[in-house]
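Participant: Pasting a structure below so you can have a look.
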Amino acid sequence: MSRFSRTLKLSLALAAAATLTAVATVPTIAGSPGQPGQADKAAVVAGTYAVDAGHAQIGWGLSHMGFNDTLGLIGGETGTLVIDPANLAASKVSIVIPVSKIFAADAGLTAHLLKAAPAGGKADFFGAAPADATFESTGVAVNADGVSAKITGNLTLNGVTKPVTVDATFVGAGINPMKKVATVGFHGTASIKRSEFNLGTYVPVVADEVHLSISIAFEKKA
């Protein structure tokens with residue numbers, strides 16, 4: 001694991017604990033004994049799942065002038081997963097990312113990210129009423145370990161669509177005792193260049209590459 005990844009995960013966990021609107025960020029451990037979700041592939045039930053929006057989040061981070069890392073979260077993702085453990089390569093995932101819910105630990109930065117464009121001009125970043133981003137998978141290549149995969153797909157963000165690859169890892173599956181429904185969860189990582197999505201303000205003084213740390217649970221619907 002890279003220094004950036006370790007810093008990102010630790011910092012996101014600290015920020016989430018201190019921010020009422022945040023949800024827990026991705027841990028790196030499997031479920032403990034006694035927890036309903038376990039890292040057991042046999043517990044995955046084939047079918048169509050919906051994102052558990054209350055337990056879905058994407059952490060983002062990028063280098064700030066080479067001095068430290070700027071970090072934030074987007075929560076409340078929605079979407080679907082179609083999965084069959086007997087044919088994982090045929091899995092499909094579709095995620096809607098509510099960019100309007102983006103935030104950073106610093107309120108000023110959050111406001112800047114969502115600041116309206118000046119009259120006759122262009123917003124520095126997303127603007128006051130950003131459209132949702134979407135990710136639509138186009139392929140799944142399962143790794144030899146059987147619990148991780150490279151998910152290729154198209155990310156549409158800020159009106160631009162680009163191919164993105166997510167390195168995904170199965171975390172756990174089982175029955176959620178609160179909702180009595182089969183649930184499965186994954187972690188993922190990816191990187192994008194913000195300039196490719198017309199979000200290049202301050203590049204290269206502030207880094208172009210944005211690292212994404214993804215944690216999503218899905219609940220079986222059919």
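In the structure tokens, chains take letters A, B, ... by order of appearance, with residues numbered from 1 within each chain and ligands from 1 in the order shown.
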Taking 3 positions as the minimum chain separation for residues in the same chain, which residues sit within 9 Å of Glu196 in chain A when counting only C-alpha atoms? Answer as a list in words.
Facilitator: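 Listing them by chain and then by number gives Val160, Lys162, Ile192, Lys193, Leu199, Gly200 and Asp208 of chain A.
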Participant: Can you write just those residues out, N, CA, C and O atoms, as a PDB file, in the first residue's frame?
Facilitator:
```pdb
ATOM      1  N   VAL A 160     -18.610  15.303 -19.008  1.00  0.00           N
ATOM      2  CA  VAL A 160     -17.585  14.617 -19.810  1.00  0.00           C
ATOM      3  C   VAL A 160     -17.593  13.131 -19.452  1.00  0.00           C
ATOM      4  O   VAL A 160     -17.702  12.770 -18.279  1.00  0.00           O
ATOM      5  N   LYS A 162     -15.426   9.572 -19.664  1.00  0.00           N
ATOM      6  CA  LYS A 162     -14.103   8.996 -19.877  1.00  0.00           C
ATOM      7  C   LYS A 162     -14.072   7.579 -19.310  1.00  0.00           C
ATOM      8  O   LYS A 162     -14.750   7.276 -18.335  1.00  0.00           O
ATOM      9  N   ILE A 192      -8.377   9.472 -11.299  1.00  0.00           N
ATOM     10  CA  ILE A 192      -8.779  10.208 -12.485  1.00  0.00           C
ATOM     11  C   ILE A 192      -7.966  11.498 -12.562  1.00  0.00           C
ATOM     12  O   ILE A 192      -7.401  11.940 -11.561  1.00  0.00           O
ATOM     13  N   LYS A 193      -7.898  12.076 -13.741  1.00  0.00           N
ATOM     14  CA  LYS A 193      -7.300  13.391 -13.914  1.00  0.00           C
ATOM     15  C   LYS A 193      -8.437  14.402 -14.045  1.00  0.00           C
ATOM     16  O   LYS A 193      -9.223  14.342 -14.988  1.00  0.00           O
ATOM     17  N   LEU A 199     -12.208  20.254 -14.939  1.00  0.00           N
ATOM     18  CA  LEU A 199     -12.117  20.665 -13.541  1.00  0.00           C
ATOM     19  C   LEU A 199     -10.665  20.999 -13.196  1.00  0.00           C
ATOM     20  O   LEU A 199     -10.203  20.753 -12.080  1.00  0.00           O
ATOM     21  N   GLY A 200      -9.944  21.567 -14.153  1.00  0.00           N
ATOM     22  CA  GLY A 200      -8.503  21.724 -14.020  1.00  0.00           C
ATOM     23  C   GLY A 200      -8.029  23.015 -13.365  1.00  0.00           C
ATOM     24  O   GLY A 200      -6.849  23.363 -13.499  1.00  0.00           O
ATOM     25  N   ASP A 208      -3.276  17.384 -10.518  1.00  0.00           N
ATOM     26  CA  ASP A 208      -4.311  17.000 -11.473  1.00  0.00           C
ATOM     27  C   ASP A 208      -4.924  15.654 -11.085  1.00  0.00           C
ATOM     28  O   ASP A 208      -6.135  15.463 -11.193  1.00  0.00           O
TER      29      ASP A 208
END
```
Participant: Extract, using only C-alpha atoms, all DNA, RNA and protein residues at most 10 Å from Ala50 in chain A, discarding same-chain residues fewer than 2 positions from it, and format them as a ChimeraX atom specification.
Facilitator: /A:48,52-53,78-82,93-95,183,217-222
Participant: How about saving the chosen residues, N, CA and C atoms kept, as a compact mmCIF listing (two decimals), in the first residue's frame?
Facilitator:
```txt
# COMPACT_ATOMS: atom_id res chain seq x y z
N THR A 48 -30.06 -9.33 -8.43
CA THR A 48 -29.94 -7.90 -8.64
C THR A 48 -29.99 -7.19 -7.30
N ASP A 52 -27.03 0.37 -0.97
CA ASP A 52 -27.48 0.85 0.34
C ASP A 52 -26.91 2.26 0.49
N ALA A 53 -27.72 3.26 0.14
CA ALA A 53 -27.21 4.63 0.05
C ALA A 53 -26.68 5.15 1.39
N THR A 78 -26.29 5.95 -5.24
CA THR A 78 -27.37 5.01 -5.55
C THR A 78 -26.94 4.19 -6.76
N GLY A 79 -27.74 3.17 -7.09
CA GLY A 79 -27.42 2.37 -8.26
C GLY A 79 -27.72 0.91 -8.06
N THR A 80 -27.22 0.08 -8.97
CA THR A 80 -27.52 -1.34 -8.95
C THR A 80 -26.27 -2.19 -9.23
N LEU A 81 -26.35 -3.42 -8.78
CA LEU A 81 -25.33 -4.44 -9.05
C LEU A 81 -26.05 -5.72 -9.46
N VAL A 82 -25.63 -6.29 -10.56
CA VAL A 82 -26.10 -7.62 -10.97
C VAL A 82 -24.92 -8.56 -10.84
N VAL A 93 -22.39 -3.25 -12.92
CA VAL A 93 -22.63 -2.26 -11.87
C VAL A 93 -22.93 -0.91 -12.49
N SER A 94 -23.89 -0.21 -11.91
CA SER A 94 -24.28 1.12 -12.36
C SER A 94 -24.43 1.99 -11.11
N ILE A 95 -23.66 3.06 -11.03
CA ILE A 95 -23.64 3.89 -9.84
C ILE A 95 -23.94 5.34 -10.20
N THR A 183 -26.97 -9.07 1.74
CA THR A 183 -26.17 -7.87 1.51
C THR A 183 -24.76 -8.29 1.13
N ALA A 217 -22.02 -0.83 -0.02
CA ALA A 217 -22.79 -2.04 0.28
C ALA A 217 -24.01 -2.09 -0.64
N PHE A 218 -24.37 -3.30 -1.03
CA PHE A 218 -25.52 -3.51 -1.90
C PHE A 218 -26.51 -4.47 -1.22
N GLU A 219 -27.81 -4.20 -1.38
CA GLU A 219 -28.86 -5.04 -0.80
C GLU A 219 -29.65 -5.72 -1.89
N LYS A 220 -29.91 -7.01 -1.72
CA LYS A 220 -30.58 -7.79 -2.76
C LYS A 220 -32.03 -7.34 -2.92
N LYS A 221 -32.41 -7.14 -4.18
CA LYS A 221 -33.77 -6.73 -4.51
C LYS A 221 -34.50 -7.78 -5.32
N ALA A 222 -33.79 -8.56 -6.11
CA ALA A 222 -34.45 -9.56 -6.97
C ALA A 222 -33.48 -10.71 -7.25
```
Participant: Env of Phe67 in chain A: 12 Å cut, atoms = only C-alpha atoms, seq-sep filter 6 positions within chain, self excluded. Answer as an MDAnalysis selection string.
Facilitator: chainID A and resid 205:207
Participant: Using N, CA, C and O atoms, can you write the selected residues to a file as a compact mmCIF listing (two decimals), in the first residue's frame?
Facilitator:
```
# COMPACT_ATOMS: atom_id res chain seq x y z
N VAL A 205 -0.30 23.51 -10.04
CA VAL A 205 0.07 23.90 -8.68
C VAL A 205 -0.64 22.99 -7.66
O VAL A 205 -0.04 22.52 -6.70
N VAL A 206 -1.92 22.77 -7.89
CA VAL A 206 -2.66 21.74 -7.17
C VAL A 206 -2.77 20.54 -8.11
O VAL A 206 -3.07 20.71 -9.29
N ALA A 207 -2.53 19.36 -7.61
CA ALA A 207 -2.37 18.18 -8.46
C ALA A 207 -3.57 17.93 -9.37
O ALA A 207 -4.72 18.21 -9.01
```
Participant: Would you kindly return, as a PyMOL selection string, each protein, DNA or RNA residue with an atom no farther than 12 Å from any atom of Val184 in chain A, considering only C-alpha atoms and excluding same-chain residues fewer than 5 positions away?
Facilitator: chain A and resi 31+36-52+55-56+80-85+169-176+215-221
Participant: For the strand (DSSP E or B) assignment from backbone DSSP, which residues of range 17-102 of chain A qualify? Please present them as JSON, numbers by chain.
Facilitator: {"A": [38, 47, 48, 49, 50, 51, 52, 53, 54, 55, 56, 57, 58, 59, 60, 61, 62, 63, 64, 68, 69, 70, 71, 72, 73, 74, 75, 78, 79, 80, 81, 82, 83, 92, 93, 94, 95, 96, 97]}
Participant: Which residues are near range 100-107 of chain A? Cut-off 9 Å, only C-alpha atoms, ignore same chain within fewer than 5 positions. Put them as a list in words.
Facilitator: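 Listed by chain and then number, they are Ala15, Thr19, Thr70, Leu71, Gly72, Leu73, Ile74, Gly75, Gly76, His112, Leu113, Leu114, Phe126, Ala128, Ala129, Pro130, Ala131 and Asp132 of chain A.
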Participant: Residues within 10 Å of Pro163 in chain A, please, as number ranges by chain. Count only C-alpha atoms; anything in the same chain fewer than 2 positions from it doesn't count.
Facilitator: A: 135-138, 152-156, 161, 165, 192
Participant: What would the file look like if the residues just selected were written as a compact mmCIF listing (two decimals), in the first residue's frame with N, CA and C atoms?
Facilitator:
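Output (selection.txt):
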```
# COMPACT_ATOMS: atom_id res chain seq x y z
N PHE A 135 -21.33 6.11 -13.15
CA PHE A 135 -20.35 5.11 -13.58
C PHE A 135 -21.12 3.90 -14.08
N GLU A 136 -20.84 3.49 -15.30
CA GLU A 136 -21.48 2.33 -15.92
C GLU A 136 -20.39 1.34 -16.31
N SER A 137 -20.43 0.17 -15.73
CA SER A 137 -19.39 -0.82 -16.04
C SER A 137 -19.53 -1.32 -17.46
N THR A 138 -18.38 -1.64 -18.05
CA THR A 138 -18.36 -2.23 -19.38
C THR A 138 -17.69 -3.61 -19.39
N THR A 152 -13.85 -2.24 -15.47
CA THR A 152 -13.72 -1.15 -16.44
C THR A 152 -15.11 -0.56 -16.68
N GLY A 153 -15.13 0.74 -16.95
CA GLY A 153 -16.41 1.37 -17.20
C GLY A 153 -16.25 2.80 -17.64
N ASN A 154 -17.37 3.45 -17.84
CA ASN A 154 -17.39 4.85 -18.27
C ASN A 154 -17.88 5.73 -17.14
N LEU A 155 -17.06 6.72 -16.79
CA LEU A 155 -17.42 7.71 -15.79
C LEU A 155 -17.85 8.98 -16.50
N THR A 156 -19.07 9.42 -16.21
CA THR A 156 -19.55 10.71 -16.72
C THR A 156 -19.56 11.69 -15.56
N THR A 161 -17.48 12.28 -20.45
CA THR A 161 -17.42 10.83 -20.23
C THR A 161 -16.05 10.31 -20.60
N THR A 165 -10.93 2.68 -14.69
CA THR A 165 -10.80 1.33 -14.15
C THR A 165 -10.80 1.38 -12.63
N ILE A 192 -8.38 9.47 -11.30
CA ILE A 192 -8.78 10.21 -12.48
C ILE A 192 -7.97 11.50 -12.56
```
Participant: So what do you get for CA of Ala123 in chain A versus CA of Phe197 in chain A, distance-wise?
Facilitator: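 CA of Phe197 in chain A lies 12.9 Å from CA of Ala123 in chain A.
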Participant: Which is closer to Val203 in chain A than all the others in A:Gly139, A:Gly146, A:Gly66, A:Gly121, using only C-alpha atoms?
Facilitator: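 Closest candidate: A:Gly66.
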Participant: Using DSSP on the backbone coordinates, identify all residues within range 22-215 of chain A classified as helix (DSSP H, G or I); present the result as JSON, numbers by chain.
Facilitator: {"A": [41, 42, 43, 88, 89, 90, 99, 100, 101, 107, 108, 109, 110, 111, 112, 113, 194, 195, 196, 197]}
Participant: Next, the residues of the selection above should be written as a tab-separated table (two decimals), in the first residue's frame with all heavy atoms.
Facilitator:
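Listing of again09.tsv after writing:
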```tsv
chain	number	residue	atom	x	y	z
A	41	LYS	N	-17.03	-16.08	0.00
A	41	LYS	CA	-17.63	-16.00	-1.34
A	41	LYS	C	-18.90	-16.85	-1.44
A	41	LYS	O	-19.82	-16.52	-2.20
A	41	LYS	CB	-16.62	-16.45	-2.40
A	41	LYS	CG	-15.44	-15.53	-2.56
A	41	LYS	CD	-14.54	-15.98	-3.70
A	41	LYS	CE	-13.88	-17.33	-3.38
A	41	LYS	NZ	-12.98	-17.75	-4.48
A	42	ALA	N	-18.96	-17.94	-0.67
A	42	ALA	CA	-20.12	-18.81	-0.73
A	42	ALA	C	-21.39	-18.14	-0.19
A	42	ALA	O	-22.50	-18.61	-0.44
A	42	ALA	CB	-19.85	-20.09	0.06
A	43	ALA	N	-21.21	-17.05	0.54
A	43	ALA	CA	-22.37	-16.34	1.10
A	43	ALA	C	-23.00	-15.37	0.11
A	43	ALA	O	-24.06	-14.80	0.39
A	43	ALA	CB	-21.96	-15.60	2.37
A	88	LEU	N	-18.79	-14.45	-12.31
A	88	LEU	CA	-18.48	-13.10	-11.85
A	88	LEU	C	-18.12	-12.16	-12.99
A	88	LEU	O	-18.35	-10.95	-12.91
A	88	LEU	CB	-17.34	-13.15	-10.83
A	88	LEU	CG	-17.69	-13.78	-9.48
A	88	LEU	CD1	-16.45	-13.90	-8.62
A	88	LEU	CD2	-18.77	-12.98	-8.76
A	89	ALA	N	-17.55	-12.70	-14.07
A	89	ALA	CA	-17.14	-11.85	-15.18
A	89	ALA	C	-18.33	-11.19	-15.87
A	89	ALA	O	-18.18	-10.21	-16.59
A	89	ALA	CB	-16.34	-12.66	-16.19
A	90	ALA	N	-19.53	-11.74	-15.64
A	90	ALA	CA	-20.73	-11.17	-16.24
A	90	ALA	C	-21.39	-10.13	-15.35
A	90	ALA	O	-22.44	-9.59	-15.70
A	90	ALA	CB	-21.73	-12.28	-16.56
A	99	VAL	N	-22.92	14.57	-6.93
A	99	VAL	CA	-21.82	15.54	-6.79
A	99	VAL	C	-22.22	16.71	-5.91
A	99	VAL	O	-21.39	17.30	-5.22
A	99	VAL	CB	-21.37	16.04	-8.18
A	99	VAL	CG1	-20.28	17.08	-8.06
A	99	VAL	CG2	-20.88	14.86	-9.03
A	100	SER	N	-23.50	17.03	-5.86
A	100	SER	CA	-23.96	18.15	-5.03
A	100	SER	C	-23.71	17.90	-3.55
A	100	SER	O	-23.76	18.85	-2.74
A	100	SER	CB	-25.45	18.40	-5.27
A	100	SER	OG	-26.22	17.26	-4.92
A	101	LYS	N	-23.44	16.64	-3.17
A	101	LYS	CA	-23.18	16.30	-1.77
A	101	LYS	C	-21.68	16.27	-1.45
A	101	LYS	O	-21.30	15.85	-0.36
A	101	LYS	CB	-23.82	14.96	-1.43
A	101	LYS	CG	-25.33	14.98	-1.49
A	101	LYS	CD	-25.92	13.64	-1.06
A	101	LYS	CE	-27.44	13.67	-1.08
A	101	LYS	NZ	-28.03	12.38	-0.64
A	107	ALA	N	-14.90	24.14	5.35
A	107	ALA	CA	-16.16	24.64	4.78
A	107	ALA	C	-15.92	25.58	3.61
A	107	ALA	O	-16.71	25.62	2.66
A	107	ALA	CB	-16.98	25.34	5.86
A	108	GLY	N	-14.83	26.34	3.67
A	108	GLY	CA	-14.53	27.25	2.58
A	108	GLY	C	-14.25	26.52	1.28
A	108	GLY	O	-14.67	26.97	0.20
A	109	LEU	N	-13.53	25.41	1.37
A	109	LEU	CA	-13.25	24.63	0.17
A	109	LEU	C	-14.52	24.00	-0.37
A	109	LEU	O	-14.76	23.98	-1.58
A	109	LEU	CB	-12.21	23.55	0.46
A	109	LEU	CG	-11.89	22.60	-0.70
A	109	LEU	CD1	-11.47	23.37	-1.95
A	109	LEU	CD2	-10.82	21.60	-0.30
A	110	THR	N	-15.36	23.47	0.52
A	110	THR	CA	-16.63	22.92	0.07
A	110	THR	C	-17.44	23.97	-0.69
A	110	THR	O	-17.99	23.70	-1.77
A	110	THR	CB	-17.45	22.40	1.26
A	110	THR	OG1	-16.71	21.38	1.95
A	110	THR	CG2	-18.77	21.81	0.81
A	111	ALA	N	-17.50	25.17	-0.14
A	111	ALA	CA	-18.23	26.25	-0.80
A	111	ALA	C	-17.62	26.60	-2.15
A	111	ALA	O	-18.35	26.88	-3.12
A	111	ALA	CB	-18.25	27.48	0.11
A	112	HIS	N	-16.29	26.56	-2.24
A	112	HIS	CA	-15.63	26.88	-3.51
A	112	HIS	C	-15.94	25.81	-4.56
A	112	HIS	O	-16.19	26.12	-5.73
A	112	HIS	CB	-14.12	26.98	-3.29
A	112	HIS	CG	-13.38	27.55	-4.47
A	112	HIS	ND1	-12.02	27.69	-4.51
A	112	HIS	CD2	-13.81	28.01	-5.68
A	112	HIS	CE1	-11.65	28.19	-5.66
A	112	HIS	NE2	-12.72	28.40	-6.39
A	113	LEU	N	-15.95	24.55	-4.15
A	113	LEU	CA	-16.25	23.48	-5.09
A	113	LEU	C	-17.64	23.64	-5.71
A	113	LEU	O	-17.87	23.25	-6.85
A	113	LEU	CB	-16.14	22.13	-4.40
A	113	LEU	CG	-14.74	21.69	-3.96
A	113	LEU	CD1	-14.82	20.42	-3.12
A	113	LEU	CD2	-13.82	21.47	-5.16
A	194	ARG	N	-8.50	15.32	-13.09
A	194	ARG	CA	-9.63	16.25	-13.07
A	194	ARG	C	-9.66	17.17	-14.28
A	194	ARG	O	-10.74	17.58	-14.72
A	194	ARG	CB	-9.64	17.04	-11.76
A	194	ARG	CG	-8.40	17.87	-11.47
A	194	ARG	CD	-8.42	18.39	-10.04
A	194	ARG	NE	-7.26	19.20	-9.72
A	194	ARG	CZ	-7.20	20.52	-9.80
A	194	ARG	NH1	-8.25	21.20	-10.24
A	194	ARG	NH2	-6.11	21.19	-9.47
A	195	SER	N	-8.49	17.46	-14.85
A	195	SER	CA	-8.46	18.33	-16.03
A	195	SER	C	-9.20	17.70	-17.20
A	195	SER	O	-9.74	18.42	-18.06
A	195	SER	CB	-7.02	18.65	-16.42
A	195	SER	OG	-6.32	17.47	-16.79
A	196	GLU	N	-9.26	16.37	-17.24
A	196	GLU	CA	-9.96	15.69	-18.33
A	196	GLU	C	-11.47	15.85	-18.23
A	196	GLU	O	-12.20	15.57	-19.18
A	196	GLU	CB	-9.59	14.21	-18.35
A	196	GLU	CG	-8.12	13.96	-18.70
A	196	GLU	CD	-7.79	12.49	-18.78
A	196	GLU	OE1	-8.61	11.65	-18.33
A	196	GLU	OE2	-6.70	12.16	-19.30
A	197	PHE	N	-11.94	16.30	-17.05
A	197	PHE	CA	-13.37	16.51	-16.84
A	197	PHE	C	-13.69	18.01	-16.68
A	197	PHE	O	-14.68	18.38	-16.05
A	197	PHE	CB	-13.82	15.73	-15.59
A	197	PHE	CG	-13.71	14.24	-15.75
A	197	PHE	CD1	-12.54	13.58	-15.37
A	197	PHE	CD2	-14.73	13.49	-16.30
A	197	PHE	CE1	-12.42	12.21	-15.51
A	197	PHE	CE2	-14.62	12.13	-16.45
A	197	PHE	CZ	-13.45	11.47	-16.06
```
